[in-house]
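Listing of final_27.txt; format and content: compact mmCIF, C-alpha atoms and all ligand atoms.
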```txt
# COMPACT_ATOMS: atom_id res chain seq x y z
CA MET A 22 -172.32 -5.83 1.16
CA LYS A 23 -173.66 -2.45 2.08
CA LYS A 24 -176.62 -2.41 4.36
CA PHE A 25 -179.04 0.14 2.94
CA PHE A 26 -181.90 0.01 5.39
CA SER A 27 -181.52 -0.02 9.08
CA LYS A 28 -184.13 -1.87 11.09
CA LYS A 29 -183.25 0.22 14.09
CA LYS A 30 -185.90 2.66 15.18
CA VAL A 31 -184.95 6.26 14.57
CA GLU A 32 -185.67 8.63 17.39
CA ILE A 33 -186.84 12.07 16.37
CA ILE A 34 -186.54 14.98 18.75
CA LYS A 35 -188.59 18.04 17.97
CA ILE A 36 -187.48 21.30 19.50
CA LEU A 37 -190.14 23.85 20.25
CA LEU A 38 -189.26 27.38 19.14
CA ASN A 39 -189.43 30.37 21.45
CA LYS A 40 -193.01 31.41 21.66
CA GLU A 41 -192.68 35.20 21.30
CA ASP A 42 -190.83 35.32 17.99
CA PHE A 43 -190.37 31.67 16.93
CA SER A 44 -186.62 31.98 17.27
CA LEU A 45 -184.50 28.91 17.94
CA ASP A 46 -183.14 28.38 21.43
CA PHE A 47 -179.55 27.41 20.63
CA ASP A 48 -178.75 26.54 24.23
CA MET A 49 -181.62 24.07 24.30
CA LEU A 50 -180.53 22.67 20.94
CA ARG A 51 -176.93 22.31 22.08
CA ASP A 52 -178.06 20.34 25.12
CA TYR A 53 -178.88 17.50 22.72
CA PHE A 54 -175.44 17.41 21.09
CA LYS A 55 -174.19 15.17 23.89
CA TYR A 56 -176.48 12.37 22.70
CA ASN A 57 -174.62 12.35 19.36
CA PRO A 58 -177.61 12.98 17.09
CA LYS A 59 -177.06 11.91 13.48
CA LEU A 60 -178.97 14.66 11.73
CA LEU A 61 -180.04 18.21 12.45
CA ILE A 62 -182.81 19.58 10.22
CA LEU A 63 -183.22 23.33 10.04
CA THR A 64 -185.79 24.98 7.79
CA ASN A 65 -184.44 28.38 6.89
CA PRO A 66 -186.52 30.49 6.64
CA ASN A 67 -188.97 28.43 8.60
CA ASN A 68 -192.42 27.42 7.41
CA PRO A 69 -195.05 28.48 8.50
CA THR A 70 -193.50 31.12 10.76
CA GLY A 71 -191.43 32.81 8.04
CA ASN A 72 -188.43 33.79 10.19
CA PHE A 73 -184.84 32.60 9.94
CA LEU A 74 -184.00 29.91 12.48
CA ILE A 75 -180.33 30.51 11.83
CA LYS A 76 -178.41 33.48 10.48
CA SER A 77 -174.77 33.57 9.45
CA ASP A 78 -173.73 34.83 12.90
CA ASP A 79 -175.38 31.83 14.55
CA PHE A 80 -173.41 29.25 12.63
CA GLU A 81 -170.66 29.03 15.22
CA LYS A 82 -173.31 27.82 17.69
CA ILE A 83 -173.95 24.68 15.66
CA GLN A 84 -170.65 24.13 13.89
CA ASP A 85 -169.58 21.43 16.37
CA PHE A 86 -172.78 19.43 15.75
CA PRO A 87 -171.67 15.79 15.69
CA GLY A 88 -173.81 14.66 12.72
CA ILE A 89 -175.06 16.03 9.44
CA ILE A 90 -176.59 19.49 9.31
CA LEU A 91 -179.39 19.65 6.74
CA ILE A 92 -180.59 23.13 5.89
CA ASP A 93 -183.88 23.27 3.99
CA GLU A 94 -183.73 26.42 1.86
CA ALA A 95 -187.11 25.97 0.13
CA TYR A 96 -187.69 29.73 0.31
CA TYR A 97 -184.14 30.81 -0.48
CA GLU A 98 -185.14 32.84 -3.56
CA PHE A 99 -187.31 35.04 -1.33
CA SER A 100 -184.99 35.19 1.69
CA GLY A 101 -181.66 35.72 -0.07
CA LEU A 102 -179.76 33.96 2.73
CA THR A 103 -177.95 30.73 1.96
CA PHE A 104 -175.47 28.51 3.77
CA LEU A 105 -174.13 27.23 0.46
CA PRO A 106 -170.64 28.75 0.93
CA TYR A 107 -170.21 26.75 4.17
CA ILE A 108 -170.15 23.52 2.19
CA GLU A 109 -166.60 24.39 1.20
CA ASN A 110 -165.27 24.23 4.76
CA PHE A 111 -167.69 21.95 6.56
CA PRO A 112 -167.96 18.34 5.39
CA ASN A 113 -171.30 17.73 7.14
CA ILE A 114 -173.63 20.26 5.50
CA ILE A 115 -176.48 19.49 3.12
CA ILE A 116 -178.58 22.18 1.46
CA LEU A 117 -182.01 21.40 0.02
CA ARG A 118 -183.82 23.54 -2.55
CA THR A 119 -187.04 23.11 -4.51
CA PHE A 120 -188.71 24.26 -7.71
CA SER A 121 -192.05 24.25 -5.89
CA LYS A 122 -191.98 27.78 -4.50
CA ALA A 123 -190.20 30.62 -6.30
CA PHE A 124 -190.29 28.69 -9.59
CA SER A 125 -194.03 27.95 -9.20
CA GLY A 126 -193.28 24.35 -10.18
CA ALA A 127 -194.89 22.39 -7.33
CA GLY A 128 -196.60 20.06 -9.81
CA ILE A 129 -193.42 18.94 -11.56
CA ARG A 130 -191.91 17.53 -8.33
CA LEU A 131 -188.36 18.80 -8.76
CA GLY A 132 -185.83 19.76 -6.18
CA TYR A 133 -182.12 19.48 -5.58
CA LEU A 134 -179.57 18.74 -2.93
CA ILE A 135 -176.22 20.46 -2.63
CA SER A 136 -173.37 19.06 -0.58
CA ASN A 137 -169.76 17.94 -0.93
CA PRO A 138 -168.89 15.08 -3.35
CA LYS A 139 -168.47 12.57 -0.54
CA ILE A 140 -172.04 12.96 0.76
CA VAL A 141 -173.52 13.28 -2.74
CA ASN A 142 -171.75 10.11 -3.94
CA TYR A 143 -172.92 8.28 -0.87
CA LEU A 144 -176.53 9.37 -1.39
CA ASN A 145 -176.32 8.31 -5.03
CA ASN A 146 -176.24 4.73 -3.72
CA PHE A 147 -179.85 5.16 -2.67
CA LYS A 148 -181.12 7.06 -5.68
CA LEU A 149 -183.48 5.21 -7.99
CA PRO A 150 -182.64 5.25 -11.70
CA TYR A 151 -184.58 8.01 -13.53
CA ASN A 152 -185.68 9.43 -10.19
CA VAL A 153 -186.23 12.72 -12.01
CA ASN A 154 -188.35 11.72 -14.98
CA ILE A 155 -187.77 13.18 -18.41
CA PHE A 156 -190.92 15.36 -18.41
CA THR A 157 -189.84 16.89 -15.13
CA GLN A 158 -186.36 17.51 -16.54
CA ILE A 159 -187.77 19.30 -19.57
CA ALA A 160 -190.16 21.37 -17.44
CA GLY A 161 -187.27 22.24 -15.10
CA GLU A 162 -185.15 23.46 -18.01
CA LYS A 163 -188.03 25.63 -19.24
CA LEU A 164 -188.41 27.16 -15.78
CA ILE A 165 -184.70 27.89 -15.57
CA ASP A 166 -184.93 29.64 -18.97
CA LYS A 167 -187.67 31.81 -17.48
CA TRP A 168 -185.45 32.88 -14.58
CA PRO A 169 -185.14 36.57 -15.58
CA LEU A 170 -188.93 36.88 -15.61
CA LEU A 171 -189.33 34.86 -12.41
CA LYS A 172 -186.76 37.05 -10.71
CA GLU A 173 -188.87 40.12 -11.43
CA LYS A 174 -191.92 38.38 -10.02
CA ILE A 175 -189.99 37.44 -6.90
CA GLU A 176 -188.95 41.08 -6.41
CA VAL A 177 -192.59 42.15 -6.61
CA ILE A 178 -193.62 39.48 -4.11
CA LYS A 179 -190.92 40.63 -1.68
CA GLU A 180 -192.04 44.25 -1.97
CA GLU A 181 -195.65 43.21 -1.57
CA ARG A 182 -194.82 41.04 1.43
CA ASP A 183 -193.26 44.03 3.17
CA ARG A 184 -196.16 46.32 2.19
CA ILE A 185 -198.80 43.82 3.39
CA PHE A 186 -196.91 43.28 6.63
CA GLU A 187 -196.98 47.02 7.36
CA GLU A 188 -200.68 47.19 6.49
CA MET A 189 -201.46 44.23 8.74
CA LYS A 190 -199.52 45.72 11.64
CA ASN A 191 -201.89 48.67 11.56
CA ILE A 192 -205.08 46.63 11.71
CA LYS A 193 -206.63 46.09 15.10
CA ASP A 194 -206.67 42.48 16.33
CA ILE A 195 -204.11 41.36 13.75
CA VAL A 196 -200.59 40.42 14.79
CA PRO A 197 -198.45 39.60 11.75
CA TYR A 198 -195.03 37.95 12.15
CA PRO A 199 -192.10 39.23 10.07
CA SER A 200 -191.37 36.91 7.15
CA GLU A 201 -188.44 36.17 4.86
CA ALA A 202 -190.59 33.91 2.67
CA ASN A 203 -193.54 34.45 0.31
CA PHE A 204 -196.17 34.18 3.03
CA ILE A 205 -197.07 35.88 6.27
CA LEU A 206 -198.17 34.14 9.43
CA PHE A 207 -200.53 36.16 11.60
CA ARG A 208 -202.51 35.77 14.77
CA SER A 209 -205.99 37.06 15.37
CA ARG A 210 -208.79 36.35 17.78
CA LYS A 211 -211.07 36.98 14.79
CA ARG A 212 -209.56 33.90 13.10
CA GLU A 213 -212.88 32.24 12.34
CA GLU A 214 -214.53 35.33 10.87
CA ILE A 215 -211.41 36.00 8.77
CA LEU A 216 -211.36 32.43 7.47
CA LYS A 217 -215.04 32.60 6.55
CA SER A 218 -214.82 35.97 4.77
CA CYS A 219 -211.70 34.94 2.89
CA GLU A 220 -213.32 31.74 1.75
CA GLU A 221 -216.32 33.70 0.46
CA GLU A 222 -214.04 36.02 -1.50
CA GLY A 223 -211.90 33.20 -2.90
CA VAL A 224 -208.82 33.97 -0.80
CA ALA A 225 -207.26 30.73 0.43
CA LEU A 226 -205.64 30.84 3.85
CA ARG A 227 -203.94 28.04 5.74
CA ASP A 228 -205.14 27.47 9.27
CA PHE A 229 -202.31 26.57 11.69
CA SER A 230 -204.27 27.20 14.86
CA LYS A 231 -204.08 23.57 15.97
CA GLU A 232 -200.28 23.52 15.88
CA PRO A 233 -198.14 24.03 18.98
CA LEU A 234 -197.48 27.73 19.71
CA LEU A 235 -199.77 28.77 16.86
CA GLU A 236 -203.09 29.34 18.57
CA ASN A 237 -205.35 31.52 16.37
CA CYS A 238 -202.68 31.63 13.65
CA LEU A 239 -203.36 31.76 9.93
CA ARG A 240 -200.95 31.97 7.01
CA VAL A 241 -201.53 33.96 3.87
CA SER A 242 -199.49 33.55 0.70
CA ILE A 243 -198.48 36.78 -0.98
CA GLY A 244 -200.23 37.21 -4.31
CA ASP A 245 -200.19 40.01 -6.86
CA ILE A 246 -201.05 43.58 -5.86
CA LYS A 247 -204.74 43.20 -6.61
CA GLU A 248 -205.08 39.93 -4.71
CA ASN A 249 -203.26 41.35 -1.71
CA ASP A 250 -205.51 44.39 -1.72
CA VAL A 251 -208.57 42.14 -1.61
CA PHE A 252 -207.07 40.34 1.39
CA ILE A 253 -206.31 43.58 3.26
CA LYS A 254 -209.81 44.85 2.53
CA ILE A 255 -211.31 41.68 4.04
CA LEU A 256 -209.15 42.01 7.16
CA LYS A 257 -210.23 45.61 7.62
CA GLU A 258 -213.87 44.75 7.10
CA VAL A 259 -213.78 41.94 9.63
CA CYS A 260 -211.72 43.79 12.22
CA TYR A 261 -213.36 47.22 12.04
CA GLU A 262 -216.94 45.99 11.72
CA LYS A 263 -219.18 46.86 14.71
CA GLY A 264 -217.59 49.25 17.14
CA GLY A 265 -214.11 49.16 15.67
CA ASP A 266 -212.04 52.33 15.85
C1 LIG B 301 -192.49 23.60 0.00
C2 LIG B 301 -191.46 23.16 0.91
C3 LIG B 301 -190.52 22.18 0.54
C4 LIG B 301 -190.47 21.55 -0.80
O1 LIG B 301 -191.59 20.88 -1.13
P1 LIG B 301 -191.62 20.00 -2.46
O2 LIG B 301 -192.82 20.50 -3.20
O3 LIG B 301 -191.77 18.60 -1.97
O4 LIG B 301 -190.35 20.24 -3.20
C5 LIG B 301 -189.56 21.82 1.45
N1 LIG B 301 -189.49 22.37 2.66
C6 LIG B 301 -190.37 23.32 3.05
C7 LIG B 301 -190.21 23.93 4.41
C8 LIG B 301 -191.38 23.73 2.19
O5 LIG B 301 -192.23 24.68 2.60
```
Rewritten as structure tokens:
Amino acid sequence: MKKFFSKKKVEIIKILLNKEDFSLDFDMLRDYFKYNPKLLILTNPNNPTGNFLIKSDDFEKIQDFPGIILIDEAYYEFSGLTFLPYIENFPNIIILRTFSKAFSGAGIRLGYLISNPKIVNYLNNFKLPYNVNIFTQIAGEKLIDKWPLLKEKIEVIKEERDRIFEEMKNIKDIVPYPSEANFILFRSRKREEILKSCEEEGVALRDFSKEPLLENCLRVSIGDIKENDVFIKILKEVCYEKGGD
């Protein structure tokens, strides 16, 4: 009989990213290969930092990983970079995608996994019957039908992301980090004032300042042009108030 659940404790090793640009230190990562880890999880682009942890050129640095390489491509529709083609030649790659982000379907709880038949068949052993309920399936189909429209929206968000990034770069006391996703992480010593003003104006930010490496960091999701303008206006007001230049 197959044993589905291991009682063994699973050890999780978290690797801190480089602190200047949140890039992945491949040498440090590779140092762990000798312990024969079972699974490597890479979020690409990463959340909440927005950068790629791995680009196509970096793949050779992890291709001898002894276990399964899981690449979470939750923001793929915004980033445009996928490791999907690698599935053909590497038997140990799993790609994860979601309908929660670019498809605006967070409430329907739908996502998908892409890998080779061997891994997919194996994972099917663990899948509950009807694990994607019928309402979710119908909603998913409707969203897929809306793809041409969604694609246009995604293009606008990408343009806006790049516009907002440039605007933020030019505001005193704001350090935005380049993003491949639909949000921008930024650092500011005016974090508290920014949070307060945004809350008053109905702009929701996520506070990551308690996370490692992310002191004074906030994350803003890219909205439509009007919403983004409101956000930029708030930043300027907070940062140029009293003696700004
Ligand atoms: C949003 C997100 C997901 C997917 O979330 P679900 O809503 O559970 O599908 C996965 N990974 C990352 C990094 C995300 O930001």
Worksheet entry | Close residues, stretch 229-234 of chain A itself excluded, 9 Å, only C-alpha atoms, min 6 positions apart in chain, as a ChimeraX atom specification | /A:37-40,43,69,206,208,212,240
Export of the given selection (C-alpha atoms) as an mmCIF file, in the coordinates of the input:
```cif
data_model
loop_
_atom_site.group_PDB
_atom_site.id
_atom_site.type_symbol
_atom_site.label_atom_id
_atom_site.label_comp_id
_atom_site.auth_asym_id
_atom_site.auth_seq_id
_atom_site.Cartn_x
_atom_site.Cartn_y
_atom_site.Cartn_z
ATOM 1 C CA LEU A 37 -190.140 23.850 20.250
ATOM 2 C CA LEU A 38 -189.260 27.380 19.140
ATOM 3 C CA ASN A 39 -189.430 30.370 21.450
ATOM 4 C CA LYS A 40 -193.010 31.410 21.660
ATOM 5 C CA PHE A 43 -190.370 31.670 16.930
ATOM 6 C CA PRO A 69 -195.050 28.480 8.500
ATOM 7 C CA LEU A 206 -198.170 34.140 9.430
ATOM 8 C CA ARG A 208 -202.510 35.770 14.770
ATOM 9 C CA ARG A 212 -209.560 33.900 13.100
ATOM 10 C CA ARG A 240 -200.950 31.970 7.010
#
```
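Look at stretch 149-154 of chain A: the protein and nucleic acid residues within 9 Å of it, using all atoms listed in the file and passing over chain neighbours fewer than 4 places away, are A:Arg130, A:Leu131, A:Asn145, A:Gln158, A:Ile159.
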Fill in: 10 Å shell around ligand LIG 301 (chain B) using only C-alpha atoms and all ligand atoms, listed as JSON, numbers by chain
{"A": [63, 64, 65, 66, 67, 68, 69, 71, 92, 93, 94, 95, 96, 117, 118, 119, 120, 121, 122, 123, 125, 126, 127, 128, 129, 130, 131, 132, 133, 202]}
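Between atom CA of A:Glu187 and atom CA of A:Pro199 the separation is 9.6 Å.
For A:Lys190, the list of residues within 12 Å, based on all atoms listed in the file and with local chain neighbours fewer than 4 positions off taken out, reads Asp183, Arg184, Ile185, Phe186, Asp194, Ile195, Val196, Pro197, Tyr198, Pro199, Ile205, Leu206, Phe207, Arg208, Ser209, Ile253, Leu256 and Lys257 of chain A.
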Item to complete: Choose the residue, out of A:Asn237, A:Phe54, A:Lys59, A:Phe104, that has the smallest atom-to-atom separation from A:Asp85; count all atoms listed in the file.
Response: A:Phe54
A:Thr103: which residues within 9 Å, counting only C-alpha atoms, same-chain residues fewer than 2 positions away excluded, as a JSON list (two decimals) with C-alpha atoms, in the coordinates of the input?
```
[["chain", "number", "residue", "atom", "x", "y", "z"],
["A", 65, "ASN", "CA", -184.44, 28.38, 6.89],
["A", 76, "LYS", "CA", -178.41, 33.48, 10.48],
["A", 77, "SER", "CA", -174.77, 33.57, 9.45],
["A", 92, "ILE", "CA", -180.59, 23.13, 5.89],
["A", 94, "GLU", "CA", -183.73, 26.42, 1.86],
["A", 97, "TYR", "CA", -184.14, 30.81, -0.48],
["A", 100, "SER", "CA", -184.99, 35.19, 1.69],
["A", 101, "GLY", "CA", -181.66, 35.72, -0.07],
["A", 105, "LEU", "CA", -174.13, 27.23, 0.46],
["A", 106, "PRO", "CA", -170.64, 28.75, 0.93],
["A", 107, "TYR", "CA", -170.21, 26.75, 4.17],
["A", 116, "ILE", "CA", -178.58, 22.18, 1.46]]
```
Worksheet item: Between atom CA of A:Leu45 and atom CA of A:Phe86, what is the spacing in Å?
Response: 15.2 Å
Hey, could you patch up stretch 202-213 of chain A with all heavy atoms and hand it over as an mmCIF file, in the frame of the given file?
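This is the output file out.cif:
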```cif
data_model
loop_
_atom_site.group_PDB
_atom_site.id
_atom_site.type_symbol
_atom_site.label_atom_id
_atom_site.label_comp_id
_atom_site.auth_asym_id
_atom_site.auth_seq_id
_atom_site.Cartn_x
_atom_site.Cartn_y
_atom_site.Cartn_z
ATOM 1 N N ALA A 202 -190.101 34.802 3.725
ATOM 2 C CA ALA A 202 -190.590 33.910 2.670
ATOM 3 C C ALA A 202 -191.675 34.607 1.842
ATOM 4 O O ALA A 202 -191.764 35.831 1.844
ATOM 5 C CB ALA A 202 -191.088 32.616 3.293
ATOM 6 N N ASN A 203 -192.487 33.841 1.140
ATOM 7 C CA ASN A 203 -193.540 34.450 0.310
ATOM 8 C C ASN A 203 -194.911 34.299 0.960
ATOM 9 O O ASN A 203 -195.918 34.158 0.285
ATOM 10 C CB ASN A 203 -193.539 33.824 -1.093
ATOM 11 C CG ASN A 203 -193.875 32.352 -1.049
ATOM 12 O OD1 ASN A 203 -193.679 31.692 -0.027
ATOM 13 N ND2 ASN A 203 -194.401 31.825 -2.145
ATOM 14 N N PHE A 204 -194.909 34.265 2.281
ATOM 15 C CA PHE A 204 -196.170 34.180 3.030
ATOM 16 C C PHE A 204 -196.004 34.962 4.322
ATOM 17 O O PHE A 204 -194.876 35.315 4.712
ATOM 18 C CB PHE A 204 -196.518 32.721 3.337
ATOM 19 C CG PHE A 204 -195.402 31.973 4.023
ATOM 20 C CD1 PHE A 204 -195.138 32.179 5.379
ATOM 21 C CD2 PHE A 204 -194.597 31.070 3.317
ATOM 22 C CE1 PHE A 204 -194.109 31.500 6.008
ATOM 23 C CE2 PHE A 204 -193.566 30.389 3.955
ATOM 24 C CZ PHE A 204 -193.317 30.617 5.305
ATOM 25 N N ILE A 205 -197.124 35.233 4.961
ATOM 26 C CA ILE A 205 -197.070 35.880 6.270
ATOM 27 C C ILE A 205 -197.957 35.098 7.234
ATOM 28 O O ILE A 205 -199.116 34.806 6.924
ATOM 29 C CB ILE A 205 -197.550 37.361 6.206
ATOM 30 C CG1 ILE A 205 -196.585 38.198 5.360
ATOM 31 C CG2 ILE A 205 -197.677 37.960 7.604
ATOM 32 C CD1 ILE A 205 -197.023 39.641 5.148
ATOM 33 N N LEU A 206 -197.391 34.761 8.369
ATOM 34 C CA LEU A 206 -198.170 34.140 9.430
ATOM 35 C C LEU A 206 -198.715 35.255 10.313
ATOM 36 O O LEU A 206 -198.010 36.219 10.600
ATOM 37 C CB LEU A 206 -197.276 33.223 10.265
ATOM 38 C CG LEU A 206 -197.978 32.443 11.379
ATOM 39 C CD1 LEU A 206 -198.664 31.205 10.807
ATOM 40 C CD2 LEU A 206 -196.991 32.032 12.471
ATOM 41 N N PHE A 207 -199.976 35.138 10.693
ATOM 42 C CA PHE A 207 -200.530 36.160 11.600
ATOM 43 C C PHE A 207 -201.484 35.532 12.593
ATOM 44 O O PHE A 207 -202.007 34.449 12.381
ATOM 45 C CB PHE A 207 -201.201 37.284 10.811
ATOM 46 C CG PHE A 207 -202.404 36.861 9.985
ATOM 47 C CD1 PHE A 207 -203.699 37.071 10.460
ATOM 48 C CD2 PHE A 207 -202.249 36.262 8.745
ATOM 49 C CE1 PHE A 207 -204.803 36.692 9.708
ATOM 50 C CE2 PHE A 207 -203.354 35.877 7.981
ATOM 51 C CZ PHE A 207 -204.630 36.088 8.461
ATOM 52 N N ARG A 208 -201.650 36.257 13.693
ATOM 53 C CA ARG A 208 -202.510 35.770 14.770
ATOM 54 C C ARG A 208 -203.677 36.735 14.931
ATOM 55 O O ARG A 208 -203.490 37.944 14.833
ATOM 56 C CB ARG A 208 -201.691 35.713 16.066
ATOM 57 C CG ARG A 208 -202.263 34.799 17.140
ATOM 58 C CD ARG A 208 -201.480 34.948 18.425
ATOM 59 N NE ARG A 208 -200.100 34.482 18.368
ATOM 60 C CZ ARG A 208 -199.715 33.227 18.630
ATOM 61 N NH1 ARG A 208 -200.599 32.310 18.941
ATOM 62 N NH2 ARG A 208 -198.441 32.911 18.570
ATOM 63 N N SER A 209 -204.843 36.194 15.143
ATOM 64 C CA SER A 209 -205.990 37.060 15.370
ATOM 65 C C SER A 209 -207.069 36.311 16.129
ATOM 66 O O SER A 209 -207.349 35.151 15.833
ATOM 67 C CB SER A 209 -206.567 37.554 14.039
ATOM 68 O OG SER A 209 -207.732 38.309 14.280
ATOM 69 N N ARG A 210 -207.678 37.015 17.098
ATOM 70 C CA ARG A 210 -208.790 36.350 17.780
ATOM 71 C C ARG A 210 -210.030 36.329 16.907
ATOM 72 O O ARG A 210 -211.035 35.716 17.237
ATOM 73 C CB ARG A 210 -209.050 36.992 19.159
ATOM 74 C CG ARG A 210 -209.289 38.478 19.112
ATOM 75 C CD ARG A 210 -209.201 39.087 20.511
ATOM 76 N NE ARG A 210 -209.460 40.512 20.430
ATOM 77 C CZ ARG A 210 -210.654 41.046 20.693
ATOM 78 N NH1 ARG A 210 -211.663 40.311 21.053
ATOM 79 N NH2 ARG A 210 -210.816 42.359 20.571
ATOM 80 N N LYS A 211 -209.957 37.041 15.770
ATOM 81 C CA LYS A 211 -211.070 36.980 14.790
ATOM 82 C C LYS A 211 -210.813 35.903 13.737
ATOM 83 O O LYS A 211 -211.338 35.964 12.620
ATOM 84 C CB LYS A 211 -211.192 38.346 14.104
ATOM 85 C CG LYS A 211 -211.457 39.508 15.036
ATOM 86 C CD LYS A 211 -212.882 40.005 14.902
ATOM 87 C CE LYS A 211 -213.283 40.982 15.985
ATOM 88 N NZ LYS A 211 -212.847 42.354 15.705
ATOM 89 N N ARG A 212 -209.966 34.936 14.052
ATOM 90 C CA ARG A 212 -209.560 33.900 13.100
ATOM 91 C C ARG A 212 -210.732 33.299 12.316
ATOM 92 O O ARG A 212 -210.682 33.210 11.090
ATOM 93 C CB ARG A 212 -208.823 32.788 13.850
ATOM 94 C CG ARG A 212 -208.376 31.631 12.971
ATOM 95 C CD ARG A 212 -207.718 30.556 13.795
ATOM 96 N NE ARG A 212 -208.666 29.908 14.698
ATOM 97 C CZ ARG A 212 -209.414 28.858 14.382
ATOM 98 N NH1 ARG A 212 -209.301 28.321 13.200
ATOM 99 N NH2 ARG A 212 -210.257 28.349 15.251
ATOM 100 N N GLU A 213 -211.785 32.928 13.034
ATOM 101 C CA GLU A 213 -212.880 32.240 12.340
ATOM 102 C C GLU A 213 -213.603 33.144 11.356
ATOM 103 O O GLU A 213 -213.902 32.735 10.235
ATOM 104 C CB GLU A 213 -213.859 31.649 13.359
ATOM 105 C CG GLU A 213 -213.281 30.380 13.956
ATOM 106 C CD GLU A 213 -214.233 29.666 14.891
ATOM 107 O OE1 GLU A 213 -215.445 29.680 14.616
ATOM 108 O OE2 GLU A 213 -213.758 29.117 15.892
#
```
